[in-house]
Amino acid sequence: MSDTIFGKIVRREIPADIVYENDDVLAFRDLNPQAPVHVLFVPKRAIATLNDATAADAELLGKLLLAAASYAKSQGFEKEGYRTVVNCNEQGGQTVFHLHVHLLAGRRMTWPPG
């Protein structure tokens with residue numbers, strides 16, 4: 001398990017506002033939200049970056065996106081929409097090196113994102 005802050009949240013060593021969990025994925029509210037709803041979906045098995053994922057991780061990556069979609073639907077965002085984002089490495093905006101999906105909702109998203 002990763003020794004990042006996300007690994008510590010998965011292991012329940014530090015608190016988080018957990019909003020979703022299944023056998024493979026844990027989701028919690030972002031401490032620095034960029035939208036009215038900003039939830040981070042992390043695999044319980046740590047993968048540092050998207051670059052580190054392999055074909056063997058395909059099922060887990062799919063489960064990560066399906067978990068985000070399931071949560072968005074459960075919160076009523078399926079019609080108006082939401083954004084999912086995966087940042088990779090420093091210039092891609094990744095600050096915690098435990099792969100995660102950002103789910104942003106509750107406002108109109110703009111393009112380009114920034």
# chains A, B, ... in the order shown; residues from 1 in each chain; ligands from 1
>>> residues_around(residues="range 68-84 of chain A", least_positions_apart="3", cutoff="7 Å", atoms="only C-alpha atoms", output="count of residues only")
8
>>> closest_residue(among="A:Leu60, A:Arg108, A:Phe97, A:Val39", to="Gly7 in chain A", atoms="only C-alpha atoms")
A:Phe97
>>> residues_around(residues="range 13-28 of chain A", least_positions_apart="2", cutoff="7 Å", atoms="only C-alpha atoms", output="list of chain:residue names")
A:Lys8, A:Ile9, A:Val10, A:Arg11, A:Asp30, A:Val39, A:Leu40, A:Phe41, A:Val42, A:Pro43, A:Lys44, A:Leu64
>>> closest_residue(among="A:Gln94, A:Glu59, A:Thr54, A:Phe6", to="Arg29 in chain A", atoms="only C-alpha atoms")
A:Phe6
>>> select_by_dssp(residues="chain A", states="strand (DSSP E)", output="list in words")
Ile18, Val19, Tyr20, Glu21, Val25, Leu26, Ala27, Phe28, Arg29, Val37, His38, Val39, Leu40, Phe41, Val42, Pro43, Arg83, Thr84, Val85, Val101, His102, Leu103, Leu104 and Ala105 of chain A
>>> write_last_selection(atoms="N, CA and C atoms", output="mmCIF file, in the first residue's frame")
data_model
loop_
_atom_site.group_PDB
_atom_site.id
_atom_site.type_symbol
_atom_site.label_atom_id
_atom_site.label_comp_id
_atom_site.auth_asym_id
_atom_site.auth_seq_id
_atom_site.Cartn_x
_atom_site.Cartn_y
_atom_site.Cartn_z
ATOM 1 N N ILE A 18 -15.550 10.299 3.716
ATOM 2 C CA ILE A 18 -15.747 9.211 2.756
ATOM 3 C C ILE A 18 -17.202 9.194 2.305
ATOM 4 N N VAL A 19 -17.387 9.178 0.970
ATOM 5 C CA VAL A 19 -18.745 9.212 0.417
ATOM 6 C C VAL A 19 -19.092 7.962 -0.386
ATOM 7 N N TYR A 20 -18.098 7.119 -0.675
ATOM 8 C CA TYR A 20 -18.345 5.934 -1.506
ATOM 9 C C TYR A 20 -17.245 4.926 -1.200
ATOM 10 N N GLU A 21 -17.648 3.656 -1.176
ATOM 11 C CA GLU A 21 -16.653 2.595 -1.015
ATOM 12 C C GLU A 21 -17.207 1.289 -1.562
ATOM 13 N N VAL A 25 -12.441 0.389 -4.523
ATOM 14 C CA VAL A 25 -12.375 1.846 -4.666
ATOM 15 C C VAL A 25 -12.880 2.524 -3.398
ATOM 16 N N LEU A 26 -12.224 3.616 -3.038
ATOM 17 C CA LEU A 26 -12.668 4.479 -1.950
ATOM 18 C C LEU A 26 -12.778 5.892 -2.502
ATOM 19 N N ALA A 27 -13.814 6.618 -2.096
ATOM 20 C CA ALA A 27 -13.988 8.001 -2.568
ATOM 21 C C ALA A 27 -14.275 8.906 -1.386
ATOM 22 N N PHE A 28 -13.699 10.103 -1.454
ATOM 23 C CA PHE A 28 -13.847 11.070 -0.367
ATOM 24 C C PHE A 28 -13.816 12.479 -0.945
ATOM 25 N N ARG A 29 -14.380 13.410 -0.198
ATOM 26 C CA ARG A 29 -14.429 14.800 -0.647
ATOM 27 C C ARG A 29 -13.032 15.415 -0.636
ATOM 28 N N VAL A 37 -19.257 20.144 -5.920
ATOM 29 C CA VAL A 37 -18.997 18.736 -5.613
ATOM 30 C C VAL A 37 -17.635 18.400 -6.200
ATOM 31 N N HIS A 38 -16.712 17.973 -5.344
ATOM 32 C CA HIS A 38 -15.377 17.587 -5.793
ATOM 33 C C HIS A 38 -14.977 16.378 -4.953
ATOM 34 N N VAL A 39 -15.071 15.213 -5.560
ATOM 35 C CA VAL A 39 -14.807 13.957 -4.873
ATOM 36 C C VAL A 39 -13.650 13.257 -5.572
ATOM 37 N N LEU A 40 -12.760 12.655 -4.787
ATOM 38 C CA LEU A 40 -11.618 11.913 -5.310
ATOM 39 C C LEU A 40 -11.894 10.422 -5.180
ATOM 40 N N PHE A 41 -11.732 9.691 -6.275
ATOM 41 C CA PHE A 41 -11.911 8.247 -6.304
ATOM 42 C C PHE A 41 -10.535 7.617 -6.433
ATOM 43 N N VAL A 42 -10.168 6.793 -5.466
ATOM 44 C CA VAL A 42 -8.841 6.179 -5.456
ATOM 45 C C VAL A 42 -8.966 4.662 -5.427
ATOM 46 N N PRO A 43 -8.107 3.971 -6.169
ATOM 47 C CA PRO A 43 -8.090 2.521 -6.040
ATOM 48 C C PRO A 43 -7.470 2.155 -4.690
ATOM 49 N N ARG A 83 -17.724 16.291 -14.587
ATOM 50 C CA ARG A 83 -16.422 16.091 -15.226
ATOM 51 C C ARG A 83 -15.612 15.102 -14.398
ATOM 52 N N THR A 84 -14.892 14.214 -15.086
ATOM 53 C CA THR A 84 -13.914 13.352 -14.441
ATOM 54 C C THR A 84 -12.549 13.710 -15.010
ATOM 55 N N VAL A 85 -11.558 13.733 -14.139
ATOM 56 C CA VAL A 85 -10.211 14.140 -14.529
ATOM 57 C C VAL A 85 -9.196 13.209 -13.880
ATOM 58 N N VAL A 101 -9.127 9.666 -9.553
ATOM 59 C CA VAL A 101 -10.033 10.329 -10.486
ATOM 60 C C VAL A 101 -10.753 11.430 -9.722
ATOM 61 N N HIS A 102 -10.693 12.647 -10.252
ATOM 62 C CA HIS A 102 -11.470 13.755 -9.694
ATOM 63 C C HIS A 102 -12.857 13.727 -10.330
ATOM 64 N N LEU A 103 -13.881 13.817 -9.522
ATOM 65 C CA LEU A 103 -15.245 14.011 -10.007
ATOM 66 C C LEU A 103 -15.652 15.426 -9.593
ATOM 67 N N LEU A 104 -15.946 16.260 -10.591
ATOM 68 C CA LEU A 104 -16.366 17.638 -10.347
ATOM 69 C C LEU A 104 -17.778 17.819 -10.877
ATOM 70 N N ALA A 105 -18.639 18.448 -10.078
ATOM 71 C CA ALA A 105 -20.028 18.636 -10.487
ATOM 72 C C ALA A 105 -20.621 19.813 -9.719
#
>>> residues_around(residues="Arg107 in chain A", least_positions_apart="2", cutoff="7 Å", atoms="only C-alpha atoms", output="list in words")
Ala35, Pro36, Ala105 and Met109 of chain A
>>> write_last_selection(atoms="all heavy atoms", output="short mmCIF file (atom, residue, chain, number, x, y, z; two decimals), in the first residue's frame")
data_model
loop_
_atom_site.label_atom_id
_atom_site.label_comp_id
_atom_site.auth_asym_id
_atom_site.auth_seq_id
_atom_site.Cartn_x
_atom_site.Cartn_y
_atom_site.Cartn_z
N ALA A 35 -15.10 22.74 -7.28
CA ALA A 35 -16.49 22.79 -7.72
C ALA A 35 -17.35 22.51 -6.50
O ALA A 35 -16.83 22.00 -5.49
CB ALA A 35 -16.74 21.75 -8.82
N PRO A 36 -18.64 22.81 -6.56
CA PRO A 36 -19.50 22.51 -5.40
C PRO A 36 -19.42 21.04 -4.96
O PRO A 36 -19.49 20.74 -3.78
CB PRO A 36 -20.90 22.88 -5.91
CG PRO A 36 -20.65 23.97 -6.90
CD PRO A 36 -19.37 23.55 -7.59
N ALA A 105 -18.64 18.45 -10.08
CA ALA A 105 -20.03 18.64 -10.49
C ALA A 105 -20.62 19.81 -9.72
O ALA A 105 -20.03 20.34 -8.78
CB ALA A 105 -20.83 17.36 -10.22
N MET A 109 -18.85 23.55 -16.33
CA MET A 109 -17.41 23.42 -16.55
C MET A 109 -17.03 24.18 -17.81
O MET A 109 -17.80 24.26 -18.74
CB MET A 109 -17.03 21.95 -16.70
CG MET A 109 -17.40 21.07 -15.52
SD MET A 109 -16.49 21.50 -14.02
CE MET A 109 -17.65 20.94 -12.79
#
>>> atom_distance(atom1="CA of Leu99 in chain A", atom2="CA of Leu50 in chain A")
6.4 Å
>>> select_by_dssp(residues="chain A", states="helix (DSSP H, G or I)", output="PyMOL selection string")
chain A and resi 5-10+50-52+55-74+90-92
>>> residues_around(residues="Asp52 in chain A", least_positions_apart="3", cutoff="10 Å", atoms="only C-alpha atoms", output="PyMOL selection string")
chain A and resi 47-49+57+88+99
>>> closest_residue(among="A:Leu31, A:Val86, A:Ile5, A:Ala67", to="Asn51 in chain A", atoms="only C-alpha atoms")
A:Val86
>>> decode(residues="range 28-39 of chain A", atoms="N, CA, C and O atoms", output="mmCIF file, in the first residue's frame")
data_model
loop_
_atom_site.group_PDB
_atom_site.id
_atom_site.type_symbol
_atom_site.label_atom_id
_atom_site.label_comp_id
_atom_site.auth_asym_id
_atom_site.auth_seq_id
_atom_site.Cartn_x
_atom_site.Cartn_y
_atom_site.Cartn_z
ATOM 1 N N PHE A 28 -13.699 10.103 -1.454
ATOM 2 C CA PHE A 28 -13.847 11.070 -0.367
ATOM 3 C C PHE A 28 -13.816 12.479 -0.945
ATOM 4 O O PHE A 28 -13.289 12.712 -2.044
ATOM 5 N N ARG A 29 -14.380 13.410 -0.198
ATOM 6 C CA ARG A 29 -14.429 14.800 -0.647
ATOM 7 C C ARG A 29 -13.032 15.415 -0.636
ATOM 8 O O ARG A 29 -12.256 15.189 0.288
ATOM 9 N N ASP A 30 -12.743 16.199 -1.668
ATOM 10 C CA ASP A 30 -11.471 16.909 -1.774
ATOM 11 C C ASP A 30 -11.427 18.015 -0.725
ATOM 12 O O ASP A 30 -12.421 18.716 -0.514
ATOM 13 N N LEU A 31 -10.289 18.176 -0.065
ATOM 14 C CA LEU A 31 -10.142 19.223 0.951
ATOM 15 C C LEU A 31 -10.030 20.620 0.349
ATOM 16 O O LEU A 31 -10.212 21.611 1.047
ATOM 17 N N ASN A 32 -9.723 20.692 -0.943
ATOM 18 C CA ASN A 32 -9.603 21.966 -1.638
ATOM 19 C C ASN A 32 -10.502 21.922 -2.874
ATOM 20 O O ASN A 32 -10.012 21.866 -4.004
ATOM 21 N N PRO A 33 -11.820 21.930 -2.676
ATOM 22 C CA PRO A 33 -12.735 21.703 -3.799
ATOM 23 C C PRO A 33 -12.664 22.783 -4.871
ATOM 24 O O PRO A 33 -12.554 23.963 -4.576
ATOM 25 N N GLN A 34 -12.738 22.325 -6.123
ATOM 26 C CA GLN A 34 -12.721 23.214 -7.278
ATOM 27 C C GLN A 34 -14.099 23.335 -7.919
ATOM 28 O O GLN A 34 -14.245 23.973 -8.964
ATOM 29 N N ALA A 35 -15.097 22.738 -7.278
ATOM 30 C CA ALA A 35 -16.492 22.790 -7.723
ATOM 31 C C ALA A 35 -17.345 22.508 -6.497
ATOM 32 O O ALA A 35 -16.831 22.004 -5.490
ATOM 33 N N PRO A 36 -18.640 22.813 -6.555
ATOM 34 C CA PRO A 36 -19.499 22.508 -5.402
ATOM 35 C C PRO A 36 -19.424 21.044 -4.960
ATOM 36 O O PRO A 36 -19.491 20.744 -3.778
ATOM 37 N N VAL A 37 -19.257 20.144 -5.920
ATOM 38 C CA VAL A 37 -18.997 18.736 -5.613
ATOM 39 C C VAL A 37 -17.635 18.400 -6.200
ATOM 40 O O VAL A 37 -17.416 18.568 -7.400
ATOM 41 N N HIS A 38 -16.712 17.973 -5.344
ATOM 42 C CA HIS A 38 -15.377 17.587 -5.793
ATOM 43 C C HIS A 38 -14.977 16.378 -4.953
ATOM 44 O O HIS A 38 -14.626 16.511 -3.773
ATOM 45 N N VAL A 39 -15.071 15.213 -5.560
ATOM 46 C CA VAL A 39 -14.807 13.957 -4.873
ATOM 47 C C VAL A 39 -13.650 13.257 -5.572
ATOM 48 O O VAL A 39 -13.563 13.254 -6.801
#
